[in-house]
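Data block below; observations after.
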Amino acid sequence: MNSDTPPRLFDRTLLRTRRNRAAARLADYNFLVRRAFDDICDRVESVTRDFERAAILGGGPGLADELMARPAGGKIGWLTSADLSPAVAATLDRPALALDEEALPFAEESLDLVLAPWGLHWTNDLPGVLVQINHALKPDGFFAASLLGGSTLNELRRCLMTAESELTGGASARVSPYAGTFDMAALMQRAGFAMPVADIDRVTVRYDNVFALMADLRGMGETSVLADRPRNPATRALFMRTAELYAQQFADEDGRVRATFEIVHAAGWAPHPDQPKPKRPGSATHRLADALGVREQSLGEKAGR
């Protein structure tokens with residue numbers, strides 16, 4: 001393998017199959033997607049400009065209509081939606097595409113707005129995907145995304161590993177490693193975006209038991225697609241012991257269990273000459289002490305010397 005080739009963490013063929021299977025009822029399980037997309041729409045509405053051509057990557061059905069029904073919709077001309085899964089793409093609103101986010105088909109500088117409300121956490125080369133999106137945007141085009149972060153399902157991951165270690169003496173990775181505690185804004189900047197921003201929304205969802213959580217993950221099409229996943233099926237004993245541990249460690253007083261989902265939000269602009277530029281160090285014309293109305297002290301004064 002070429003040393004420049006990113007590691008293949010995820011089996012995207014399996015991901016496509018899982019999303020194809022979930023397509024018919026995906027709208028019944030998209031509460032997290034809609035929460036994330038609501039934040040993305042807020043960001044679009046805060047931008048004081050229009051977008052002639054826009055695309056939504058991932059997220060499932062209903063999002064394009066939701067966007068166009070909000071004030072943000074008044075800023076947008078032509079809009080397409082897309083998904084990795086052909087079956088999901090068939091359920092999407094307006095012109096729709098089945099595409100692979102790792103090999104985007106958009107021409108360079110062909111879009112004014114790209115929104116990626118879900119799915120980038122399953123890409124093997126996130127920096128490379130961000131570069132492609134940047135290239136697809138016209139100068140001063142806007143990009144906003146949300147993806148699952150590293151704390152997602154930490155309770156399930158811990159209980160599965162403990163249960164498997166108890167039963168077999170070893171543990172396999174059975175929950176996909178979501179994007180870690182990286183600096184998403186720095187990653188956006190590395191991909192060439194101007195004025196990148198990022199923040200995190202941590203959501204706690206409560207379930208009757210761990211099996212209800214697993215059913216939701218299947219409905220979302222979000223079960224593990226690790227390329228290096230165990231090839232032996234998980235046993236009933238493993239699931240039962242996982243459920244016991246989960247109830248012991250993460251149940252509330254009413255017996256319901258908690259699951260953490262960490263949603264990482266990011267936004268940035270394709271570079272344009274007219275965008276604000278950071279001033280070079282030492283170019284300030286006013287002192288901070290004057291602006292704050294305080295007396296400036298040297299480090300020696302502060303140390304009492």
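In the structure tokens, chains take the letters A, B, ... in the order shown, each chain's residues start at 1, and ligands count up from 1 in the order shown.
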
Contact residues around A:Gly221 with only C-alpha atoms at 9 Å, ignoring same-chain residues under 6 positions, as a ChimeraX atom specification: /A:15-16,18-23,26

Name all residues at most 9 Å from stretch 118-124 of chain A (count only C-alpha atoms; drop same-chain ones fewer than 2 positions away) and give them as an MDAnalysis selection string. chainID A and resid 6:12 15 33 36:37 57:60 83:84 101:102 116 126 128:129 145:149 176 178:179 225

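Comparing the minimum interatomic distances between A:Arg35 and each of A:Leu63, A:Ala191, A:Ala173, A:Met161, counting only C-alpha atoms, we find that A:Leu63 sits nearest.
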
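Of the listed residues (A:Leu115, A:Thr91, A:Met220, A:Met240), A:Leu115 comes nearest to A:Asp38; the distances count only C-alpha atoms.
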
Give the helix (DSSP H, G or I) residues of stretch 114-228 of chain A, as assigned by DSSP on the backbone, as a VMD selection string. chain A and resid 120 to 122 126 to 136 154 to 168 184 to 190 210 to 220

Emit the selected residues as a short mmCIF file (atom, residue, chain, number, x, y, z; two decimals), in the first residue's frame, including N, CA and C atoms.
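The file below, result_1.cif, is the result:
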data_model
loop_
_atom_site.label_atom_id
_atom_site.label_comp_id
_atom_site.auth_asym_id
_atom_site.auth_seq_id
_atom_site.Cartn_x
_atom_site.Cartn_y
_atom_site.Cartn_z
N LEU A 120 -20.33 11.83 7.21
CA LEU A 120 -18.90 12.01 7.00
C LEU A 120 -18.07 11.25 8.03
N HIS A 121 -18.69 10.86 9.15
CA HIS A 121 -17.95 10.07 10.14
C HIS A 121 -17.65 8.66 9.63
N TRP A 122 -18.25 8.26 8.51
CA TRP A 122 -17.97 6.94 7.94
C TRP A 122 -16.95 7.00 6.81
N LEU A 126 -11.29 11.63 5.85
CA LEU A 126 -12.07 12.85 6.07
C LEU A 126 -11.36 14.09 5.54
N PRO A 127 -10.05 14.27 5.78
CA PRO A 127 -9.39 15.44 5.20
C PRO A 127 -9.52 15.50 3.68
N GLY A 128 -9.38 14.34 3.02
CA GLY A 128 -9.50 14.31 1.57
C GLY A 128 -10.90 14.68 1.10
N VAL A 129 -11.93 14.23 1.83
CA VAL A 129 -13.31 14.57 1.48
C VAL A 129 -13.54 16.08 1.64
N LEU A 130 -13.00 16.66 2.71
CA LEU A 130 -13.14 18.10 2.92
C LEU A 130 -12.48 18.89 1.81
N VAL A 131 -11.32 18.42 1.34
CA VAL A 131 -10.64 19.09 0.22
C VAL A 131 -11.52 19.04 -1.03
N GLN A 132 -12.14 17.88 -1.30
CA GLN A 132 -13.02 17.76 -2.47
C GLN A 132 -14.20 18.72 -2.38
N ILE A 133 -14.79 18.83 -1.20
CA ILE A 133 -15.92 19.74 -1.02
C ILE A 133 -15.47 21.18 -1.24
N ASN A 134 -14.30 21.52 -0.72
CA ASN A 134 -13.77 22.88 -0.90
C ASN A 134 -13.58 23.18 -2.39
N HIS A 135 -13.06 22.22 -3.13
CA HIS A 135 -12.84 22.43 -4.57
C HIS A 135 -14.16 22.55 -5.32
N ALA A 136 -15.22 21.87 -4.84
CA ALA A 136 -16.51 21.93 -5.52
C ALA A 136 -17.21 23.27 -5.29
N ASN A 154 -20.10 5.59 23.92
CA ASN A 154 -19.02 5.10 24.77
C ASN A 154 -19.51 4.09 25.80
N GLU A 155 -20.78 4.20 26.23
CA GLU A 155 -21.34 3.23 27.19
C GLU A 155 -21.45 1.84 26.55
N LEU A 156 -21.98 1.79 25.34
CA LEU A 156 -22.13 0.51 24.65
C LEU A 156 -20.78 -0.11 24.36
N ARG A 157 -19.83 0.71 23.90
CA ARG A 157 -18.49 0.21 23.59
C ARG A 157 -17.86 -0.42 24.83
N ARG A 158 -17.95 0.26 25.97
CA ARG A 158 -17.34 -0.23 27.20
C ARG A 158 -17.98 -1.54 27.66
N CYS A 159 -19.30 -1.61 27.61
CA CYS A 159 -19.98 -2.82 28.08
C CYS A 159 -19.74 -4.01 27.17
N LEU A 160 -19.72 -3.79 25.86
CA LEU A 160 -19.43 -4.89 24.93
C LEU A 160 -18.03 -5.44 25.14
N MET A 161 -17.06 -4.56 25.32
CA MET A 161 -15.68 -5.00 25.50
C MET A 161 -15.51 -5.75 26.82
N THR A 162 -16.15 -5.26 27.89
CA THR A 162 -16.07 -5.94 29.17
C THR A 162 -16.74 -7.31 29.10
N ALA A 163 -17.91 -7.37 28.49
CA ALA A 163 -18.64 -8.64 28.39
C ALA A 163 -17.86 -9.67 27.59
N GLU A 164 -17.31 -9.25 26.45
CA GLU A 164 -16.56 -10.19 25.62
C GLU A 164 -15.28 -10.65 26.31
N SER A 165 -14.64 -9.75 27.03
CA SER A 165 -13.43 -10.12 27.78
C SER A 165 -13.75 -11.15 28.85
N GLU A 166 -14.87 -10.98 29.53
CA GLU A 166 -15.29 -11.94 30.56
C GLU A 166 -15.58 -13.32 29.95
N LEU A 167 -16.25 -13.32 28.80
CA LEU A 167 -16.72 -14.59 28.22
C LEU A 167 -15.65 -15.32 27.43
N THR A 168 -14.72 -14.60 26.80
CA THR A 168 -13.75 -15.25 25.91
C THR A 168 -12.30 -14.99 26.28
N MET A 184 -11.69 20.04 14.96
CA MET A 184 -12.33 20.04 13.65
C MET A 184 -12.07 21.34 12.89
N ALA A 185 -12.00 22.45 13.62
CA ALA A 185 -11.72 23.72 12.94
C ALA A 185 -10.34 23.68 12.29
N ALA A 186 -9.36 23.08 12.98
CA ALA A 186 -8.02 22.97 12.41
C ALA A 186 -8.03 22.06 11.18
N LEU A 187 -8.82 21.00 11.23
CA LEU A 187 -8.93 20.08 10.10
C LEU A 187 -9.56 20.81 8.90
N MET A 188 -10.55 21.63 9.16
CA MET A 188 -11.16 22.42 8.09
C MET A 188 -10.14 23.38 7.49
N GLN A 189 -9.36 24.01 8.34
CA GLN A 189 -8.35 24.94 7.86
C GLN A 189 -7.31 24.22 7.01
N ARG A 190 -6.92 23.04 7.46
CA ARG A 190 -5.96 22.22 6.70
C ARG A 190 -6.50 21.89 5.32
N VAL A 210 -30.72 -1.97 26.46
CA VAL A 210 -29.71 -1.87 25.41
C VAL A 210 -30.21 -2.43 24.09
N PHE A 211 -31.19 -3.36 24.13
CA PHE A 211 -31.70 -3.93 22.88
C PHE A 211 -32.52 -2.89 22.11
N ALA A 212 -33.20 -2.00 22.82
CA ALA A 212 -33.92 -0.91 22.16
C ALA A 212 -32.93 0.06 21.50
N LEU A 213 -31.80 0.30 22.15
CA LEU A 213 -30.74 1.13 21.55
C LEU A 213 -30.22 0.48 20.27
N MET A 214 -29.93 -0.81 20.32
CA MET A 214 -29.42 -1.50 19.14
C MET A 214 -30.43 -1.49 17.99
N ALA A 215 -31.72 -1.59 18.32
CA ALA A 215 -32.75 -1.53 17.29
C ALA A 215 -32.76 -0.16 16.62
N ASP A 216 -32.57 0.91 17.41
CA ASP A 216 -32.49 2.26 16.86
C ASP A 216 -31.29 2.39 15.92
N LEU A 217 -30.15 1.84 16.32
CA LEU A 217 -28.94 1.93 15.49
C LEU A 217 -29.14 1.22 14.16
N ARG A 218 -29.83 0.08 14.18
CA ARG A 218 -30.13 -0.62 12.92
C ARG A 218 -31.07 0.22 12.06
N GLY A 219 -32.07 0.84 12.70
CA GLY A 219 -33.01 1.67 11.96
C GLY A 219 -32.36 2.88 11.34
N MET A 220 -31.35 3.42 12.02
CA MET A 220 -30.60 4.57 11.50
C MET A 220 -29.61 4.18 10.41
#

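The coordinates place atom CA of A:Leu104 at 16.7 Å from atom CA of A:Phe142.
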
For a quick check of understanding, using only C-alpha atoms, which of A:Gly73, A:Gly62, A:Ala243, A:Arg94 has the smallest distance to A:Arg34? A:Gly62

From stretch 104-234 of chain A, collect each residue whose DSSP state is strand (DSSP E) and return the set as number ranges by chain. A: 111-116, 137-148, 194-207

Out of A:Ala54, A:Ile263, A:Val88, A:Ala144, which residue has the shortest atom-to-atom distance to A:Arg25 when counting only C-alpha atoms? A:Val88

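Using only C-alpha atoms, the smallest distance between any of A:Asp100, A:Ala24, A:His265, A:Pro271 and A:Asp39 comes from A:His265.
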